[in-house]
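Here the structure is laid out as structure tokens; the discussion comes afterwards.
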2 protein chains.
Amino acid sequence: MRDVAIVGAGMTQFGELWTASLRSLFVEAALGALESARADHVDSIYVGNMSAGQFVGQEHLGPLMADALGMRGVPAVRVESACASGGHALRLGCMEVASGMADLVLVTGVEKMTDGVDVTNVLATASDQENEVYHGITFPGLYAMIARAHMQSRGTTEKDLHWVSVKNHRHGALNPKAQFRGEVSVEDVAASSMVAEPLRLLHCSPVSDGAAAVLLAPLARAKEFTDRPVRITGSGAATSAMALADRADPAFLDAVEKSAQRAYAMAGIQPKDIDVAEVHDCFAIAEICALEAMRLTEGCNPVQAARSGYTALGGKRPVNTSGGLKSKGHPVGASGVAQAIEIFEQLRGEAGERQVAGAHRGATQNMGGSGASSVVHIFERV
Amino acid sequence: MRDVAIVGAGMTQFGELWTASLRSLFVEAALGALESARADHVDSIYVGNMSAGQFVGQEHLGPLMADALGMRGVPAVRVESACASGGHALRLGCMEVASGMADLVLVTGVEKMTDGVDVTNVLATASDQENEVYHGITFPGLYAMIARAHMQSRGTTEKDLHWVSVKNHRHGALNPKAQFRGEVSVEDVAASSMVAEPLRLLHCSPVSDGAAAVLLAPLARAKEFTDRPVRITGSGAATSAMALADRADPAFLDAVEKSAQRAYAMAGIQPKDIDVAEVHDCFAIAEICALEAMRLTEGCNPVQAARSGYTALGGKRPVNTSGGLKSKGHPVGASGVAQAIEIFEQLRGEAGERQVAGAHRGATQNMGGSGASSVVHIFERV
């Protein structure tokens, strides 16, 4: 199995991008990745996307995007695992390079959500249609139940949730690509409107448009494209029960735990070896659950990790330095790839005001649905 | 790169399966594959599916299907390339085994189309939404234009098209899994109602429900699971212009040519080395175009291959012995995997009345849209 590295990255602004189309977003991000690596061709393209069929009436994004990029002929395929589509695209791109079937692989994620007419219902098709959606639940409701279960079993408070949003908005304020660059206070979060009790508006990631792309190459060839490649040392994926009601502990994300353990084992590391991480904070409670399942806050209760500063910039292990899905935005198919870009920049020392000093090893965790699928990657400075 | 083999296969009946659901179809096919290989676990699952989000309101099929199969925890992801979703799922499964990241990989395809309310429009989302669908065209119209262009440039006649359907129905009449097991005559085809001139009803594959699954393993371990593994020696994928109007010759499927050349090169073979093939006959003209682009009828004009008996059972190179999409049925996400199963059975000598005597090497060609994506695989008896 060949070692794999990221040699280039590009992404669009995340936000409500009314003048951009699905394909213009893709092309902007893809060209950014190619230009940053001084590459003029690729051998294969992966497109992470959750629901362009439902959002904008377009399936078959592989050839559409290869064509739009001026790369007709290049193998290209779409990968879908709901909001973990981008993370899975990265995983498959790694496999193709590792297998030796291709050298230069462009891994992308894209979503155009703001053109959708019924976004919450489209997103709900990532939960169990027969056993959940049919009964009227959507994702804010599912995560609200996760939050309530967490409060009951771990003593988590609403204020603990508020602090996740406060921290991530502070980070996002430093990220020029973020959808929301304004800081929010604990009082702002507490006063925001209720969406699904106990989750308020400022606990929820937004509806976003955006695209992200990374270029992969065999580590042995990486220096042809950049002086600062970042190696992908671990990739782990896992699934859980599709319906929340089928899980032994609805507050524990077992797919996140399994995917992290697999990625740690492949990379030969422990959670304590990670300097910086991006985790899937689609709702504030999700960040707390991810930290718990990934064992990322040794010596600190994950519930208090944001409030105590443990996971803030300047803390022991900064998490979601990009602003996370909450502040950076969450174009669902793109988020997993954008997480990898934040870690890529951190490990190259290019994260500007968000830089984690001396960051050597990072992790990303990307989740689908209410935790039915999860993908974790481990990255190392070369 | 490790060698990869198919060690088991299972599929449902194809047809209008009103009492089956998306997940019950999947489970039946997947269990069939596992049982045929005496396997009780897998390391990874791929689900080829075009549009369950639009057809039945369900995305995120990876974890849904792993869960339904009793395999919570196993990594599982959906792959989409329109009607080539199954072929791409097979390709990614091969990569995972080849890379060494997994040993036992379950590759599946599934589609539940008859529950959809607007099937032709859903399928049209596999063409270019902005440049084709917006102007009112759907796939029968696109393939009708391909047929007209082929008639003009190659002298193809309506009768040549009729013979493709006659041949494939003759084959399908011998396939217990086929949706249509009745033979049709040239006169039947000529008298069937016009769909999109010059394509008539009996030139068109049907709307179908169904699922198919194959189990992959490293060739070195294949004998643990079966006495008769079939090796996958070549895998090639390619794309073309998404919109038909953007192609230099709309009657020539350049993505099919490129994907075939890549697969032949990987397998180290020539087209003449192939004993039996399944190609993507979503419309009768598509089979003719695929034979042409794959160079599968040396010494015979591909236009006359069906009429002359060249591609019929008993002919020089039987094509679509399963009945093809035309007669076997075309549950779009499943078709690419079902093609592989037909070749698997042929090379194991298990194709019953459809058996091609002494078949040693086979090929499959699976296509998305009007030929914007294509995947070709080469298989060999071990």
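Residue names in the structure tokens use chain letters A, B, ... in the order shown, residue numbers from 1 in each chain, and ligand numbers from 1 in the order shown.
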
_Select, as number ranges by chain, those residues of chain A with any atom no more than 6 Å from chain B (distances computed using only C-alpha atoms)._
A: 1, 57-60, 63-64, 67, 72-75, 77-82, 98-99, 125-126, 129, 237-242, 372

Go ahead and save the residues from that selection, with N, CA, C and O atoms, as a short mmCIF file (atom, residue, chain, number, x, y, z; two decimals), in the first residue's frame.
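Writing the result to again_6.cif gives the following:
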data_model
loop_
_atom_site.label_atom_id
_atom_site.label_comp_id
_atom_site.auth_asym_id
_atom_site.auth_seq_id
_atom_site.Cartn_x
_atom_site.Cartn_y
_atom_site.Cartn_z
N MET A 1 0.86 -1.20 0.00
CA MET A 1 0.00 0.00 0.00
C MET A 1 0.89 1.25 0.00
O MET A 1 1.73 1.40 0.87
N GLY A 57 -31.82 19.30 -8.95
CA GLY A 57 -32.23 18.46 -10.08
C GLY A 57 -31.09 17.93 -10.91
O GLY A 57 -31.23 17.74 -12.12
N GLN A 58 -29.95 17.67 -10.28
CA GLN A 58 -28.79 17.21 -11.03
C GLN A 58 -28.10 16.05 -10.34
O GLN A 58 -27.52 16.22 -9.26
N GLU A 59 -28.18 14.83 -10.93
CA GLU A 59 -27.34 13.72 -10.49
C GLU A 59 -26.15 13.65 -11.45
O GLU A 59 -25.94 14.54 -12.25
N HIS A 60 -25.36 12.58 -11.34
CA HIS A 60 -24.30 12.30 -12.33
C HIS A 60 -23.24 13.38 -12.32
O HIS A 60 -22.79 13.85 -13.38
N PRO A 63 -19.12 13.08 -14.35
CA PRO A 63 -18.80 13.62 -15.67
C PRO A 63 -19.15 15.10 -15.82
O PRO A 63 -18.44 15.84 -16.51
N LEU A 64 -20.22 15.55 -15.16
CA LEU A 64 -20.58 16.97 -15.25
C LEU A 64 -19.40 17.84 -14.81
O LEU A 64 -19.04 18.83 -15.47
N ASP A 67 -16.17 17.59 -16.97
CA ASP A 67 -16.42 18.39 -18.18
C ASP A 67 -16.27 19.88 -17.87
O ASP A 67 -15.55 20.62 -18.57
N ARG A 72 -12.63 16.47 -19.71
CA ARG A 72 -13.39 15.38 -20.31
C ARG A 72 -12.49 14.16 -20.49
O ARG A 72 -11.37 14.30 -20.96
N GLY A 73 -13.03 13.01 -20.17
CA GLY A 73 -12.27 11.78 -20.34
C GLY A 73 -11.79 11.21 -19.02
O GLY A 73 -11.75 10.01 -18.83
N VAL A 74 -11.42 12.11 -18.08
CA VAL A 74 -10.90 11.66 -16.79
C VAL A 74 -11.99 10.92 -16.00
O VAL A 74 -13.12 11.40 -15.91
N PRO A 75 -11.67 9.74 -15.44
CA PRO A 75 -12.65 9.04 -14.61
C PRO A 75 -13.11 9.93 -13.46
O PRO A 75 -12.29 10.60 -12.82
N VAL A 77 -16.40 10.22 -10.35
CA VAL A 77 -17.57 9.57 -9.77
C VAL A 77 -18.00 10.32 -8.52
O VAL A 77 -17.19 10.93 -7.83
N ARG A 78 -19.30 10.29 -8.25
CA ARG A 78 -19.85 10.92 -7.06
C ARG A 78 -19.91 9.91 -5.91
O ARG A 78 -20.23 8.74 -6.12
N VAL A 79 -19.64 10.42 -4.72
CA VAL A 79 -19.67 9.61 -3.51
C VAL A 79 -20.67 10.25 -2.56
O VAL A 79 -20.65 11.47 -2.36
N GLU A 80 -21.56 9.43 -1.96
CA GLU A 80 -22.57 10.00 -1.07
C GLU A 80 -22.66 9.23 0.23
O GLU A 80 -22.79 8.01 0.25
N SER A 81 -22.52 9.95 1.31
CA SER A 81 -22.83 9.40 2.62
C SER A 81 -23.41 10.54 3.46
O SER A 81 -22.90 10.88 4.52
N ALA A 82 -24.47 11.15 2.92
CA ALA A 82 -25.13 12.30 3.56
C ALA A 82 -24.08 13.38 3.86
O ALA A 82 -23.27 13.69 2.99
N ALA A 98 -3.36 4.81 -2.92
CA ALA A 98 -2.69 3.73 -2.19
C ALA A 98 -2.60 2.46 -3.02
O ALA A 98 -1.60 1.74 -2.99
N SER A 99 -3.66 2.17 -3.80
CA SER A 99 -3.70 0.93 -4.58
C SER A 99 -2.74 0.97 -5.76
O SER A 99 -2.38 -0.08 -6.29
N THR A 125 -33.86 13.18 4.31
CA THR A 125 -33.73 11.92 3.57
C THR A 125 -32.43 11.19 3.92
O THR A 125 -32.21 10.08 3.47
N ALA A 126 -31.57 11.83 4.75
CA ALA A 126 -30.38 11.14 5.26
C ALA A 126 -30.68 10.38 6.54
O ALA A 126 -29.82 9.67 7.06
N GLN A 129 -36.01 6.84 6.31
CA GLN A 129 -37.25 7.35 5.71
C GLN A 129 -38.47 6.62 6.26
O GLN A 129 -39.49 7.25 6.56
N ALA A 237 -13.49 4.37 8.72
CA ALA A 237 -14.92 4.63 8.51
C ALA A 237 -15.72 3.61 9.30
O ALA A 237 -15.23 2.52 9.59
N ALA A 238 -16.93 3.99 9.64
CA ALA A 238 -17.80 3.06 10.36
C ALA A 238 -19.24 3.50 10.18
O ALA A 238 -19.53 4.63 9.80
N THR A 239 -20.15 2.56 10.48
CA THR A 239 -21.58 2.87 10.47
C THR A 239 -22.17 2.49 11.83
O THR A 239 -21.54 1.83 12.64
N SER A 240 -23.39 2.98 12.05
CA SER A 240 -24.14 2.60 13.25
C SER A 240 -25.58 2.32 12.82
O SER A 240 -25.89 2.35 11.62
N ALA A 241 -26.43 2.06 13.77
CA ALA A 241 -27.85 1.92 13.45
C ALA A 241 -28.30 3.19 12.73
O ALA A 241 -27.94 4.30 13.11
N MET A 242 -29.11 3.03 11.68
CA MET A 242 -29.59 4.18 10.92
C MET A 242 -30.53 5.02 11.78
O MET A 242 -30.43 6.24 11.82
N ALA A 372 -25.07 7.88 11.85
CA ALA A 372 -25.12 6.54 11.25
C ALA A 372 -23.88 6.23 10.44
O ALA A 372 -23.54 5.07 10.23
#

*Give me every helix (DSSP H, G or I) residue in range 80-236 of chain A, going by DSSP on the backbone, as a ChimeraX atom specification.*
/A:85-99,119-124,133-135,139-154,158-172,186-191,201-203,219-224

*Any idea what the distance is between CA of Arg38 in chain A and CA of Ala263 in chain B?*
29.1 Å

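By only C-alpha atoms, and with residues fewer than 4 positions from Ala29 in chain B along its chain excluded, the set lying at most 7 Å from it is Gly10, Met11, Thr12, Leu25, Ala33, Ala211, Ala212 and Ala213 of chain B.
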
DSSP on the backbone: which residues in range 6-208 of chain A end up as strand (DSSP E)? Give the answer as a CSV table (one decimal) with all heavy atoms, in the first residue's frame.
chain,number,residue,atom,x,y,z
A,6,ILE,N,-1.5,15.0,0.7
A,6,ILE,CA,-2.2,16.1,0.1
A,6,ILE,C,-1.1,17.1,-0.4
A,6,ILE,O,-0.2,17.4,0.4
A,6,ILE,CB,-3.1,16.8,1.1
A,6,ILE,CG1,-4.2,15.8,1.7
A,6,ILE,CG2,-3.8,18.0,0.4
A,6,ILE,CD1,-5.1,16.5,2.6
A,7,VAL,N,-1.3,17.5,-1.7
A,7,VAL,CA,-0.3,18.4,-2.2
A,7,VAL,C,-0.8,19.7,-2.6
A,7,VAL,O,-0.1,20.6,-3.0
A,7,VAL,CB,0.5,17.7,-3.4
A,7,VAL,CG1,1.2,16.5,-2.9
A,7,VAL,CG2,-0.5,17.4,-4.5
A,8,GLY,N,-2.2,19.8,-2.6
A,8,GLY,CA,-2.8,21.1,-2.9
A,8,GLY,C,-4.2,21.2,-2.4
A,8,GLY,O,-4.8,20.2,-2.2
A,9,ALA,N,-4.7,22.4,-2.3
A,9,ALA,CA,-6.1,22.6,-1.8
A,9,ALA,C,-6.7,23.9,-2.3
A,9,ALA,O,-5.9,24.9,-2.5
A,9,ALA,CB,-6.1,22.6,-0.2
A,10,GLY,N,-8.0,23.9,-2.4
A,10,GLY,CA,-8.7,25.1,-2.8
A,10,GLY,C,-10.1,25.0,-2.3
A,10,GLY,O,-10.7,23.9,-2.3
A,11,MET,N,-10.7,26.2,-2.0
A,11,MET,CA,-12.1,26.2,-1.6
A,11,MET,C,-12.7,27.5,-1.9
A,11,MET,O,-12.0,28.5,-2.0
A,11,MET,CB,-12.3,25.8,-0.1
A,11,MET,CG,-11.8,26.7,0.9
A,11,MET,SD,-12.0,26.1,2.6
A,11,MET,CE,-13.8,26.6,2.9
A,44,SER,N,-7.9,11.1,-11.8
A,44,SER,CA,-9.2,10.6,-11.3
A,44,SER,C,-9.8,11.7,-10.5
A,44,SER,O,-9.1,12.5,-9.8
A,44,SER,CB,-8.9,9.3,-10.5
A,44,SER,OG,-10.1,8.9,-9.9
A,45,ILE,N,-11.1,11.8,-10.5
A,45,ILE,CA,-11.9,12.8,-9.7
A,45,ILE,C,-12.9,12.1,-8.8
A,45,ILE,O,-13.7,11.3,-9.3
A,45,ILE,CB,-12.5,13.8,-10.7
A,45,ILE,CG1,-11.4,14.5,-11.5
A,45,ILE,CG2,-13.3,14.9,-9.9
A,45,ILE,CD1,-12.0,15.4,-12.6
A,46,TYR,N,-13.0,12.5,-7.6
A,46,TYR,CA,-14.1,12.1,-6.7
A,46,TYR,C,-14.9,13.4,-6.3
A,46,TYR,O,-14.3,14.4,-6.0
A,46,TYR,CB,-13.6,11.5,-5.4
A,46,TYR,CG,-13.1,10.1,-5.7
A,46,TYR,CD1,-11.7,9.9,-6.1
A,46,TYR,CD2,-13.8,9.0,-5.7
A,46,TYR,CE1,-11.2,8.7,-6.5
A,46,TYR,CE2,-13.3,7.7,-6.0
A,46,TYR,CZ,-12.0,7.6,-6.4
A,46,TYR,OH,-11.5,6.4,-6.7
A,47,VAL,N,-16.2,13.3,-6.4
A,47,VAL,CA,-17.1,14.4,-6.0
A,47,VAL,C,-18.0,14.0,-4.9
A,47,VAL,O,-18.9,13.2,-5.0
A,47,VAL,CB,-18.0,14.8,-7.2
A,47,VAL,CG1,-18.9,16.0,-6.9
A,47,VAL,CG2,-17.2,15.1,-8.5
A,48,GLY,N,-17.7,14.5,-3.7
A,48,GLY,CA,-18.6,14.3,-2.5
A,48,GLY,C,-19.8,15.2,-2.6
A,48,GLY,O,-19.6,16.4,-2.7
A,76,ALA,N,-14.4,10.0,-13.2
A,76,ALA,CA,-15.0,10.8,-12.2
A,76,ALA,C,-16.2,10.2,-11.7
A,76,ALA,O,-17.1,9.7,-12.4
A,76,ALA,CB,-15.3,12.2,-12.8
A,77,VAL,N,-16.4,10.2,-10.4
A,77,VAL,CA,-17.6,9.6,-9.8
A,77,VAL,C,-18.0,10.3,-8.5
A,77,VAL,O,-17.2,10.9,-7.8
A,77,VAL,CB,-17.3,8.1,-9.5
A,77,VAL,CG1,-16.2,7.9,-8.4
A,77,VAL,CG2,-18.5,7.3,-9.1
A,78,ARG,N,-19.3,10.3,-8.3
A,78,ARG,CA,-19.8,10.9,-7.1
A,78,ARG,C,-19.9,9.9,-5.9
A,78,ARG,O,-20.2,8.7,-6.1
A,78,ARG,CB,-21.2,11.4,-7.3
A,78,ARG,CG,-22.0,11.9,-6.1
A,78,ARG,CD,-23.4,12.4,-6.4
A,78,ARG,NE,-24.2,12.5,-5.3
A,78,ARG,CZ,-25.5,12.2,-5.2
A,78,ARG,NH1,-26.1,11.7,-6.2
A,78,ARG,NH2,-26.1,12.3,-4.0
A,79,VAL,N,-19.6,10.4,-4.7
A,79,VAL,CA,-19.7,9.6,-3.5
A,79,VAL,C,-20.7,10.3,-2.6
A,79,VAL,O,-20.6,11.5,-2.4
A,79,VAL,CB,-18.3,9.6,-2.8
A,79,VAL,CG1,-18.3,8.8,-1.6
A,79,VAL,CG2,-17.2,9.1,-3.8
A,80,GLU,N,-21.6,9.4,-2.0
A,80,GLU,CA,-22.6,10.0,-1.1
A,80,GLU,C,-22.7,9.2,0.2
A,80,GLU,O,-22.8,8.0,0.2
A,80,GLU,CB,-23.9,10.0,-1.8
A,80,GLU,CG,-25.0,10.7,-1.0
A,80,GLU,CD,-25.9,9.8,-0.1
A,80,GLU,OE1,-26.2,8.7,-0.6
A,80,GLU,OE2,-26.2,10.1,1.1
A,105,VAL,N,-5.0,12.4,-7.8
A,105,VAL,CA,-6.4,12.2,-7.6
A,105,VAL,C,-7.0,13.5,-7.0
A,105,VAL,O,-6.5,14.0,-5.9
A,105,VAL,CB,-6.8,11.0,-6.7
A,105,VAL,CG1,-8.2,10.9,-6.4
A,105,VAL,CG2,-6.3,9.7,-7.4
A,106,LEU,N,-8.0,14.1,-7.6
A,106,LEU,CA,-8.6,15.3,-7.2
A,106,LEU,C,-9.9,14.9,-6.3
A,106,LEU,O,-10.8,14.3,-6.9
A,106,LEU,CB,-9.1,16.1,-8.4
A,106,LEU,CG,-9.7,17.5,-8.0
A,106,LEU,CD1,-8.7,18.4,-7.4
A,106,LEU,CD2,-10.2,18.2,-9.3
A,107,VAL,N,-9.9,15.2,-5.1
A,107,VAL,CA,-11.0,14.9,-4.2
A,107,VAL,C,-11.7,16.2,-3.9
A,107,VAL,O,-11.2,17.1,-3.4
A,107,VAL,CB,-10.5,14.3,-2.9
A,107,VAL,CG1,-11.6,14.1,-1.9
A,107,VAL,CG2,-9.9,12.9,-3.1
A,108,THR,N,-13.0,16.2,-4.2
A,108,THR,CA,-13.8,17.4,-4.0
A,108,THR,C,-15.1,17.2,-3.3
A,108,THR,O,-15.5,16.0,-3.2
A,108,THR,CB,-14.2,18.0,-5.4
A,108,THR,OG1,-15.2,17.1,-6.0
A,108,THR,CG2,-13.0,18.1,-6.3
A,109,GLY,N,-15.7,18.2,-2.7
A,109,GLY,CA,-17.0,18.2,-2.2
A,109,GLY,C,-17.7,19.4,-2.6
A,109,GLY,O,-17.1,20.5,-2.6
A,110,VAL,N,-19.0,19.3,-2.9
A,110,VAL,CA,-19.7,20.5,-3.3
A,110,VAL,C,-21.2,20.4,-2.9
A,110,VAL,O,-21.7,19.3,-2.9
A,110,VAL,CB,-19.6,20.7,-4.8
A,110,VAL,CG1,-20.1,19.5,-5.6
A,110,VAL,CG2,-20.2,22.0,-5.3
A,111,GLU,N,-21.8,21.5,-2.6
A,111,GLU,CA,-23.3,21.4,-2.4
A,111,GLU,C,-23.8,22.8,-2.6
A,111,GLU,O,-23.2,23.9,-2.2
A,111,GLU,CB,-23.6,21.0,-0.9
A,111,GLU,CG,-25.0,20.4,-0.8
A,111,GLU,CD,-25.0,18.8,-1.1
A,111,GLU,OE1,-24.1,18.1,-0.6
A,111,GLU,OE2,-25.8,18.4,-1.9
A,112,LYS,N,-24.9,22.9,-3.3
A,112,LYS,CA,-25.7,24.2,-3.6
A,112,LYS,C,-27.0,24.0,-2.9
A,112,LYS,O,-27.9,23.3,-3.4
A,112,LYS,CB,-25.8,24.4,-5.1
A,112,LYS,CG,-26.5,25.7,-5.4
A,112,LYS,CD,-25.5,26.9,-5.4
A,112,LYS,CE,-26.2,28.2,-5.8
A,112,LYS,NZ,-26.7,28.9,-4.6
A,194,MET,N,-35.7,29.3,19.8
A,194,MET,CA,-35.7,27.9,20.0
A,194,MET,C,-36.0,27.2,18.7
A,194,MET,O,-37.0,27.5,18.0
A,194,MET,CB,-36.7,27.5,21.1
A,194,MET,CG,-36.6,26.1,21.5
A,194,MET,SD,-35.1,25.7,22.4
A,194,MET,CE,-35.5,26.3,24.1
A,195,VAL,N,-35.2,26.2,18.3
A,195,VAL,CA,-35.5,25.4,17.1
A,195,VAL,C,-36.1,24.1,17.4
A,195,VAL,O,-37.2,23.7,16.9
A,195,VAL,CB,-34.2,25.2,16.3
A,195,VAL,CG1,-34.4,24.3,15.1
A,195,VAL,CG2,-33.6,26.6,15.8
A,196,ALA,N,-35.4,23.3,18.3
A,196,ALA,CA,-36.0,22.0,18.7
A,196,ALA,C,-35.4,21.9,20.1
A,196,ALA,O,-34.2,21.6,20.3
A,196,ALA,CB,-35.6,20.9,17.8
A,199,LEU,N,-32.3,22.7,21.6
A,199,LEU,CA,-31.4,23.4,20.6
A,199,LEU,C,-32.0,24.7,20.1
A,199,LEU,O,-33.1,24.7,19.6
A,199,LEU,CB,-31.1,22.4,19.5
A,199,LEU,CG,-30.4,21.1,19.8
A,199,LEU,CD1,-30.2,20.2,18.6
A,199,LEU,CD2,-29.1,21.3,20.6
A,200,ARG,N,-31.2,25.7,20.2
A,200,ARG,CA,-31.6,27.1,19.7
A,200,ARG,C,-30.9,27.4,18.4
A,200,ARG,O,-29.9,26.6,18.0
A,200,ARG,CB,-31.2,28.1,20.8
A,200,ARG,CG,-32.0,28.0,22.1
A,200,ARG,CD,-31.5,28.9,23.2
A,200,ARG,NE,-32.3,28.7,24.4
A,200,ARG,CZ,-33.5,29.3,24.6
A,200,ARG,NH1,-34.0,30.2,23.7
A,200,ARG,NH2,-34.2,29.1,25.7

_Å distance separating CA of Phe55 in chain A from CA of Lys177 in chain A, one decimal place_ = 22.6 Å

*Record the distance separating CA of Gly116 in chain B and CA of Val207 in chain B, expressed in Å with one decimal.*
10.0 Å

Could you give me, as a compact mmCIF listing (two decimals) with C-alpha atoms, in the first residue's frame, the residues within 7 Å of Glu257 in chain B, counting only C-alpha atoms and dropping anything in the same chain fewer than 3 positions from it?
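In the end it all went to out14.txt:
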# COMPACT_ATOMS: atom_id res chain seq x y z
CA LEU B 253 -19.40 6.95 -27.41
CA ASP B 254 -15.86 8.11 -26.69
CA ALA B 260 -12.52 -0.13 -22.66
CA GLN B 261 -8.99 0.73 -23.77
CA ALA B 293 -16.50 1.74 -29.33
CA MET B 294 -15.24 -1.43 -27.64

*Just the residues within 9 Å of range 228-232 of chain B, please, counting only C-alpha atoms, with nothing from its chain fewer than 4 positions along; format it as a PyMOL selection string.*
chain B and resi 3-8+94+219+222-223+267+344+347-348+377-382
